[in-house]
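Colleague: What follows is the file final-v8.cif, containing mmCIF, C-alpha atoms:
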data_final
#
loop_
_atom_site.label_atom_id
_atom_site.label_comp_id
_atom_site.auth_asym_id
_atom_site.auth_seq_id
_atom_site.Cartn_x
_atom_site.Cartn_y
_atom_site.Cartn_z
CA MET A 1 290.20 186.57 -12.40
CA ASP A 2 291.51 183.04 -11.94
CA GLU A 3 291.13 180.64 -14.86
CA LEU A 4 290.64 176.88 -14.83
CA ALA A 5 291.21 174.53 -17.76
CA LEU A 6 288.12 172.63 -18.80
CA ARG A 7 288.68 169.62 -21.08
CA VAL A 8 286.26 168.85 -23.88
CA VAL A 9 285.11 165.22 -23.41
CA GLY A 10 282.60 165.04 -26.27
CA TRP A 11 280.65 166.88 -28.95
CA VAL A 12 277.02 167.18 -29.96
CA GLU A 13 275.85 165.90 -33.36
CA SER A 14 272.46 167.52 -34.02
CA GLU A 15 270.25 168.82 -36.79
CA LEU A 16 270.23 172.18 -34.92
CA ARG A 17 272.79 174.34 -36.73
CA GLU A 18 272.06 177.95 -35.72
CA ARG A 19 271.10 179.73 -32.51
CA ALA A 20 267.97 181.03 -34.24
CA ASP A 21 266.82 177.41 -34.72
CA ALA A 22 267.28 176.37 -31.09
CA PRO A 23 264.29 176.20 -28.76
CA ARG A 24 264.79 178.08 -25.49
CA GLN A 25 264.40 174.96 -23.35
CA GLY A 26 264.80 171.28 -24.09
CA ASP A 27 261.12 170.57 -23.46
CA GLU A 28 260.02 173.05 -26.13
CA GLY A 29 260.63 170.85 -29.12
CA ALA A 30 264.36 170.13 -29.15
CA PRO A 31 265.33 167.14 -31.30
CA ASP A 32 266.98 163.92 -30.27
CA ALA A 33 270.72 164.09 -30.89
CA TRP A 34 273.98 162.17 -30.61
CA VAL A 35 276.79 162.93 -28.23
CA VAL A 36 280.12 161.58 -29.46
CA PHE A 37 282.63 161.12 -26.66
CA ASP A 38 286.39 161.28 -26.84
CA GLY A 39 288.12 157.92 -26.47
CA SER A 40 290.06 159.30 -23.50
CA VAL A 41 286.91 159.14 -21.32
CA ARG A 42 285.79 155.63 -22.31
CA ASP A 43 286.06 154.32 -18.73
CA ALA A 44 284.14 157.27 -17.26
CA LEU A 45 281.32 156.53 -19.73
CA ALA A 46 281.30 152.75 -19.16
CA ASP A 47 278.14 152.54 -17.01
CA VAL A 48 275.92 154.98 -18.92
CA ALA A 49 273.10 152.92 -20.42
CA ALA A 50 269.83 153.28 -22.32
CA GLY A 51 267.07 154.46 -20.00
CA ASP A 52 269.33 156.54 -17.76
CA GLU A 53 268.30 160.10 -17.02
CA VAL A 54 271.41 162.25 -17.01
CA ILE A 55 272.50 165.86 -16.97
CA LEU A 56 274.81 166.74 -19.82
CA VAL A 57 277.00 169.74 -19.08
CA SER A 58 277.75 171.61 -22.29
CA TRP A 59 279.83 174.65 -23.24
CA PHE A 60 277.90 177.11 -25.42
CA ASP A 61 280.84 177.92 -27.65
CA ARG A 62 278.88 180.50 -29.65
CA ALA A 63 277.83 182.51 -26.58
CA ASP A 64 278.90 186.05 -25.63
CA ARG A 65 280.76 185.82 -22.31
CA ASP A 66 280.67 189.58 -21.70
CA VAL A 67 276.86 189.70 -21.37
CA GLN A 68 275.70 190.01 -17.73
CA LYS A 69 272.07 191.14 -18.18
CA VAL A 70 269.49 189.98 -20.71
CA HIS A 71 265.82 190.54 -21.49
CA PRO A 72 264.30 187.20 -20.35
CA ARG A 73 263.42 185.02 -23.35
CA GLY A 74 264.55 187.86 -25.61
CA ASP A 75 261.38 189.84 -24.80
CA GLN A 76 262.36 193.54 -24.99
CA ALA A 77 259.29 194.46 -22.91
CA ARG A 78 260.77 192.65 -19.91
CA PRO A 79 263.40 194.40 -17.80
CA PRO A 80 267.05 193.38 -18.13
CA THR A 81 267.79 190.58 -15.67
CA GLY A 82 271.12 189.36 -14.30
CA VAL A 83 272.13 186.22 -16.17
CA PHE A 84 272.65 184.23 -12.94
CA SER A 85 268.82 184.39 -12.63
CA THR A 86 268.26 183.18 -16.21
CA ARG A 87 269.20 180.28 -18.48
CA SER A 88 270.71 182.59 -21.08
CA PRO A 89 273.63 180.94 -22.91
CA ASP A 90 275.31 184.37 -22.82
CA ARG A 91 277.02 184.45 -19.38
CA PRO A 92 280.55 184.63 -17.91
CA ASN A 93 281.01 180.84 -18.19
CA PRO A 94 278.65 179.58 -20.91
CA LEU A 95 277.91 176.23 -19.27
CA GLY A 96 274.63 174.54 -20.18
CA LEU A 97 272.76 171.94 -18.11
CA HIS A 98 270.64 169.58 -20.19
CA ARG A 99 268.43 166.98 -18.54
CA VAL A 100 268.05 164.20 -21.10
CA THR A 101 267.17 160.52 -21.33
CA VAL A 102 269.71 158.15 -22.83
CA LEU A 103 268.04 156.36 -25.74
CA ALA A 104 270.93 154.19 -26.91
CA VAL A 105 274.66 153.69 -26.45
CA ASP A 106 276.92 152.58 -29.30
CA GLY A 107 280.51 152.57 -28.02
CA LEU A 108 281.49 156.22 -27.66
CA ARG A 109 278.26 157.45 -29.30
CA VAL A 110 275.28 158.15 -27.05
CA ARG A 111 271.80 158.96 -28.38
CA VAL A 112 269.79 161.31 -26.14
CA SER A 113 266.30 162.82 -26.17
CA ASN A 114 265.38 166.50 -26.47
CA LEU A 115 268.77 168.20 -26.54
CA GLU A 116 268.64 171.97 -27.11
CA ALA A 117 272.35 172.30 -27.97
CA LEU A 118 273.68 173.16 -31.43
CA ASP A 119 275.64 170.80 -33.66
CA GLY A 120 279.29 170.87 -32.64
CA THR A 121 278.67 172.06 -29.08
CA PRO A 122 281.37 170.73 -26.70
CA ILE A 123 280.32 168.51 -23.78
CA VAL A 124 282.36 168.74 -20.58
CA ASP A 125 280.62 166.43 -18.07
CA VAL A 126 277.81 163.90 -17.56
CA LYS A 127 276.08 163.36 -14.21
CA PRO A 128 273.15 161.38 -12.84
CA VAL A 129 270.03 163.52 -12.48
CA LEU A 130 269.87 165.61 -9.30
CA GLY A 131 267.50 164.11 -6.75
CA ASP A 132 268.14 160.61 -8.04
CA VAL A 133 271.56 160.24 -6.54
CA ALA A 134 271.05 158.97 -3.00
CA ASP A 135 272.58 155.60 -3.85
CA ARG A 136 275.55 156.84 -5.86
CA MET B 1 291.98 167.12 -26.02
CA ASP B 2 290.65 170.65 -26.50
CA GLU B 3 290.74 172.95 -23.49
CA LEU B 4 288.39 175.79 -22.57
CA ALA B 5 289.12 178.57 -20.07
CA LEU B 6 286.70 178.67 -17.18
CA ARG B 7 286.70 181.86 -15.08
CA VAL B 8 286.29 181.70 -11.33
CA VAL B 9 283.36 184.00 -10.43
CA GLY B 10 283.22 183.34 -6.67
CA TRP B 11 284.43 181.23 -3.75
CA VAL B 12 282.83 179.24 -0.97
CA GLU B 13 283.27 180.27 2.66
CA SER B 14 282.32 177.25 4.77
CA GLU B 15 283.13 175.50 8.02
CA LEU B 16 283.87 172.38 5.91
CA ARG B 17 287.66 172.29 5.60
CA GLU B 18 288.57 168.74 4.55
CA ARG B 19 287.15 166.18 2.14
CA ALA B 20 286.80 163.74 5.04
CA ASP B 21 284.38 166.21 6.71
CA ALA B 22 282.12 166.66 3.69
CA PRO B 23 278.83 164.77 3.45
CA ARG B 24 278.36 162.93 0.17
CA GLN B 25 275.26 164.90 -0.82
CA GLY B 26 273.93 168.30 0.27
CA ASP B 27 270.86 166.78 1.89
CA GLU B 28 272.94 164.63 4.24
CA GLY B 29 273.80 167.32 6.75
CA ALA B 30 275.83 169.90 4.83
CA PRO B 31 276.05 173.26 6.58
CA ASP B 32 274.83 176.64 5.41
CA ALA B 33 277.66 178.61 3.81
CA TRP B 34 278.56 181.89 2.14
CA VAL B 35 279.45 182.33 -1.50
CA VAL B 36 281.54 185.43 -2.08
CA PHE B 37 281.36 186.66 -5.67
CA ASP B 38 283.97 188.56 -7.64
CA GLY B 39 283.07 192.21 -8.28
CA SER B 40 283.42 191.57 -12.02
CA VAL B 41 280.11 189.62 -12.02
CA ARG B 42 278.06 192.10 -9.96
CA ASP B 43 275.57 192.68 -12.79
CA ALA B 44 275.09 188.95 -13.47
CA LEU B 45 274.26 188.51 -9.76
CA ALA B 46 271.91 191.51 -9.55
CA ASP B 47 268.60 189.61 -9.52
CA VAL B 48 269.54 186.76 -7.17
CA ALA B 49 267.43 187.22 -4.01
CA ALA B 50 266.58 185.51 -0.74
CA GLY B 51 264.16 182.66 -1.31
CA ASP B 52 265.49 181.75 -4.76
CA GLU B 53 266.31 178.12 -5.45
CA VAL B 54 269.45 178.00 -7.55
CA ILE B 55 272.06 175.59 -8.82
CA LEU B 56 275.60 176.60 -7.95
CA VAL B 57 278.18 175.17 -10.30
CA SER B 58 281.43 174.59 -8.43
CA TRP B 59 284.91 173.37 -9.34
CA PHE B 60 286.19 170.70 -6.93
CA ASP B 61 289.74 172.00 -6.88
CA ARG B 62 290.96 169.16 -4.63
CA ALA B 63 289.66 166.41 -6.94
CA ASP B 64 291.72 163.90 -8.93
CA ARG B 65 290.97 164.47 -12.62
CA ASP B 66 292.58 161.22 -13.73
CA VAL B 67 290.02 159.01 -11.94
CA GLN B 68 287.45 157.49 -14.31
CA LYS B 69 285.96 154.70 -12.14
CA VAL B 70 285.08 154.73 -8.46
CA HIS B 71 283.44 152.47 -5.89
CA PRO B 72 280.07 154.22 -5.38
CA ARG B 73 279.99 156.07 -2.05
CA GLY B 74 283.48 154.73 -1.35
CA ASP B 75 282.09 151.26 -0.62
CA GLN B 76 284.78 148.78 -1.66
CA ALA B 77 282.16 146.00 -1.83
CA ARG B 78 280.48 147.73 -4.77
CA PRO B 79 281.94 147.32 -8.25
CA PRO B 80 283.92 150.17 -9.82
CA THR B 81 281.53 152.43 -11.73
CA GLY B 82 282.27 154.97 -14.48
CA VAL B 83 282.27 158.44 -12.93
CA PHE B 84 279.76 159.77 -15.50
CA SER B 85 277.22 157.54 -13.67
CA THR B 86 278.18 158.89 -10.23
CA ARG B 87 278.49 162.20 -8.38
CA SER B 88 282.14 161.55 -7.50
CA PRO B 89 284.14 164.80 -7.34
CA ASP B 90 286.99 162.85 -8.94
CA ARG B 91 286.23 163.06 -12.69
CA PRO B 92 287.76 164.55 -15.87
CA ASN B 93 286.20 167.98 -15.22
CA PRO B 94 285.50 168.23 -11.49
CA LEU B 95 282.33 170.32 -11.81
CA GLY B 96 279.83 170.13 -8.96
CA LEU B 97 276.11 170.91 -9.13
CA HIS B 98 274.63 172.10 -5.85
CA ARG B 99 270.92 172.77 -5.51
CA VAL B 100 270.60 175.32 -2.70
CA THR B 101 268.19 177.93 -1.38
CA VAL B 102 269.39 181.52 -1.13
CA LEU B 103 268.96 182.62 2.49
CA ALA B 104 270.30 186.18 2.24
CA VAL B 105 272.17 188.48 -0.11
CA ASP B 106 274.59 191.14 1.16
CA GLY B 107 276.20 192.82 -1.85
CA LEU B 108 278.56 190.27 -3.34
CA ARG B 109 278.06 187.84 -0.44
CA VAL B 110 275.28 185.26 -0.78
CA ARG B 111 274.23 182.97 2.09
CA VAL B 112 272.95 179.55 0.96
CA SER B 113 271.54 176.45 2.63
CA ASN B 114 273.09 172.97 2.74
CA LEU B 115 276.20 173.38 0.60
CA GLU B 116 278.43 170.30 0.46
CA ALA B 117 281.46 172.17 -0.93
CA LEU B 118 284.68 172.78 1.00
CA ASP B 119 285.90 176.18 2.16
CA GLY B 120 287.73 177.90 -0.70
CA THR B 121 286.01 175.93 -3.49
CA PRO B 122 285.71 178.05 -6.68
CA ILE B 123 282.25 178.80 -8.07
CA VAL B 124 281.92 179.12 -11.84
CA ASP B 125 278.17 179.64 -12.51
CA VAL B 126 274.75 180.17 -10.94
CA LYS B 127 271.50 179.07 -12.61
CA PRO B 128 267.81 178.90 -11.75
CA VAL B 129 266.73 175.41 -10.71
CA LEU B 130 266.00 173.03 -13.60
CA GLY B 131 262.28 172.54 -14.08
CA ASP B 132 261.53 176.02 -12.76
CA VAL B 133 262.71 177.87 -15.82
CA ALA B 134 259.77 178.02 -18.19
CA ASP B 135 259.39 181.77 -17.68
CA ARG B 136 263.06 182.72 -17.85
#
Could you spell out this file's structure in structure tokens?
Modeller:
Amino acid sequence: MDELALRVVGWVESELRERADAPRQGDEGAPDAWVVFDGSVRDALADVAAGDEVILVSWFDRADRDVQKVHPRGDQARPPTGVFSTRSPDRPNPLGLHRVTVLAVDGLRVRVSNLEALDGTPIVDVKPVLGDVADR
Amino acid sequence: MDELALRVVGWVESELRERADAPRQGDEGAPDAWVVFDGSVRDALADVAAGDEVILVSWFDRADRDVQKVHPRGDQARPPTGVFSTRSPDRPNPLGLHRVTVLAVDGLRVRVSNLEALDGTPIVDVKPVLGDVADR
């Protein structure tokens, strides 16, 4: 299988330390968190501002990339489901999409709402929210 | 900067051959297209079905990864904007998010609506649409 090299552009700083602590979706009680960007992407970050709704793309570095089916929401009573139909972090490429609101920007540090990613999780991209992009 | 290895799990088959032909967003006239998945992710794909709304995550392999600011929508009259505030394919990690409807599934071949990715573009993940995931 072909491989592509993804560059880490930032990291999450969060009170969430373990997978067992993480809510299954960001709207189920995830805490506010910081994303600390690498100085090499300062220009790419220049127009991100408080109030923006963005999608953070993360890399679930503690995921199992060999898992292809999961019981949805960890419920053993539900049949195993292909991970492309779920939000399981365990998947061939453990990319996470997190819709968050930017609360504050302090240089390379960005405070965001309701982020369900663990402390230390790499960030690989930031995008405007889907459906709010007609003018970009 | 740290690097992560992304695996290509599928490829786009589309009539769109050149960047100049591609609409800027999928809802501005992009054609229906096929995504052909690698046999190694057959189980991950097993529950994707016609009618599903999904987000395809692509890798814009013809993008310029050194670009950090762009004129939005290529309009030179608009000030250069950091790419994390735009959908420009030129960005440090040229990931694309494409919200599409699955029209048909034929084994490893999946037909989708309105895909603004060029023929041959690698696909790296498939997810249920954001906001429609509470039960997954």
Colleague: Closest to B:Val124 among A:Leu95, A:Ala50, A:Val57, A:Ala33, using all atoms listed in the file?
Modeller: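 The shortest atom-to-atom distance to B:Val124 comes from A:Leu95.
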Colleague: I'd like a table as a tab-separated table: residues in chain A with an atom no more than 9 Å from chain B, each row giving the shortest atom pair and its distance in Å to one decimal, all atoms listed in the file counted, sorted by chain and rising residue number.
Modeller:
residue	atom	partner	partner_atom	distance
A:Met1	CA	B:Val8	CA	6.3
A:Asp2	CA	B:Val8	CA	5.4
A:Glu3	CA	B:Arg7	CA	4.6
A:Leu4	CA	B:Leu6	CA	4.9
A:Ala5	CA	B:Ala5	CA	5.1
A:Leu6	CA	B:Leu4	CA	4.9
A:Arg7	CA	B:Glu3	CA	4.6
A:Val8	CA	B:Asp2	CA	5.4
A:Val9	CA	B:Met1	CA	7.6
A:Arg24	CA	B:Ala134	CA	8.9
A:Gln25	CA	B:Ala134	CA	7.6
A:Asp38	CA	B:Met1	CA	8.1
A:Ser40	CA	B:Met1	CA	8.4
A:Val41	CA	B:Gln68	CA	7.2
A:Arg42	CA	B:Gln68	CA	8.4
A:Asp43	CA	B:Gln68	CA	5.6
A:Ala44	CA	B:Gly82	CA	4.1
A:Leu45	CA	B:Phe84	CA	5.6
A:Ala46	CA	B:Gly82	CA	5.3
A:Asp47	CA	B:Gly82	CA	5.4
A:Val48	CA	B:Ser85	CA	6.0
A:Asp52	CA	B:Ser85	CA	8.9
A:Val54	CA	B:Ser85	CA	8.2
A:Trp59	CA	B:Leu4	CA	8.7
A:Val67	CA	B:Ala44	CA	8.1
A:Gln68	CA	B:Ala44	CA	4.4
A:Lys69	CA	B:Ala44	CA	6.0
A:Pro72	CA	B:Arg136	CA	5.3
A:Arg73	CA	B:Arg136	CA	6.0
A:Thr81	CA	B:Asp47	CA	6.3
A:Gly82	CA	B:Ala44	CA	4.1
A:Val83	CA	B:Ala44	CA	4.8
A:Phe84	CA	B:Val126	CA	5.0
A:Ser85	CA	B:Pro128	CA	5.7
A:Thr86	CA	B:Arg136	CA	5.5
A:Arg87	CA	B:Lys127	CA	6.4
A:Ser88	CA	B:Arg136	CA	8.3
A:Arg91	CA	B:Ala44	CA	7.7
A:Pro92	CA	B:Arg7	CA	7.3
A:Asn93	CA	B:Leu6	CA	6.2
A:Pro94	CA	B:Asp125	CA	8.4
A:Leu95	CA	B:Asp125	CA	7.6
A:Leu97	CA	B:Leu130	CA	8.2
A:His98	CA	B:Leu130	CA	8.8
A:Arg99	CA	B:Leu130	CA	8.2
A:Val124	CA	B:Asn93	CA	6.6
A:Asp125	CA	B:Asn93	CA	6.5
A:Val126	CA	B:Phe84	CA	5.0
A:Lys127	CA	B:Phe84	CA	5.3
A:Pro128	CA	B:Ser85	CA	5.7
A:Leu130	CA	B:Arg99	CA	8.2
A:Val133	CA	B:Arg87	CA	7.4
A:Ala134	CA	B:Gln25	CA	7.6
A:Asp135	CA	B:Arg73	CA	7.6
A:Arg136	CA	B:Pro72	CA	5.2
Colleague: Residues near A:Glu13, anyone? I mean within 9 Å using all atoms listed in the file, not counting same-chain ones fewer than 2 positions away, as a list in words.
Modeller: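 Within the cut-off, the hits are Trp11, Glu15, Leu16, Ala33, Trp34, Val35, Val36, Leu118, Asp119, Gly120 and Thr121 of chain A.
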Colleague: Counting only C-alpha atoms, which of A:Arg17, A:Ala63, A:Asp75, A:Asp32 gets nearest to A:Leu103?
Modeller: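 The answer is A:Asp32, which sits nearest to A:Leu103.
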Colleague: Quick one, how far is atom CA of B:Pro31 from atom CA of B:Val100?
Modeller: 11.0 Å
Colleague: Report, in Å to a single decimal, how far apart atom CA of A:Ala117 and atom CA of A:Phe37 are.
Modeller: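 Between atom CA of A:Phe37 and atom CA of A:Ala117 the gap works out to 15.2 Å.
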Colleague: Just to confirm, what's the straight-line distance from atom CA of A:Ser113 to atom CA of A:Glu18 in Å (one decimal)?
Modeller: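 Atom-to-atom, atom CA of A:Ser113 to atom CA of A:Glu18, that is 18.8 Å.
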Colleague: Select, from A:Ser14, A:Ala20, A:Gly51, A:Gly29, the residue with the minimum atom-to-atom distance to A:Asn114, counting only C-alpha atoms.
Modeller: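 Residue with the minimum atom-to-atom distance to A:Asn114: A:Gly29.
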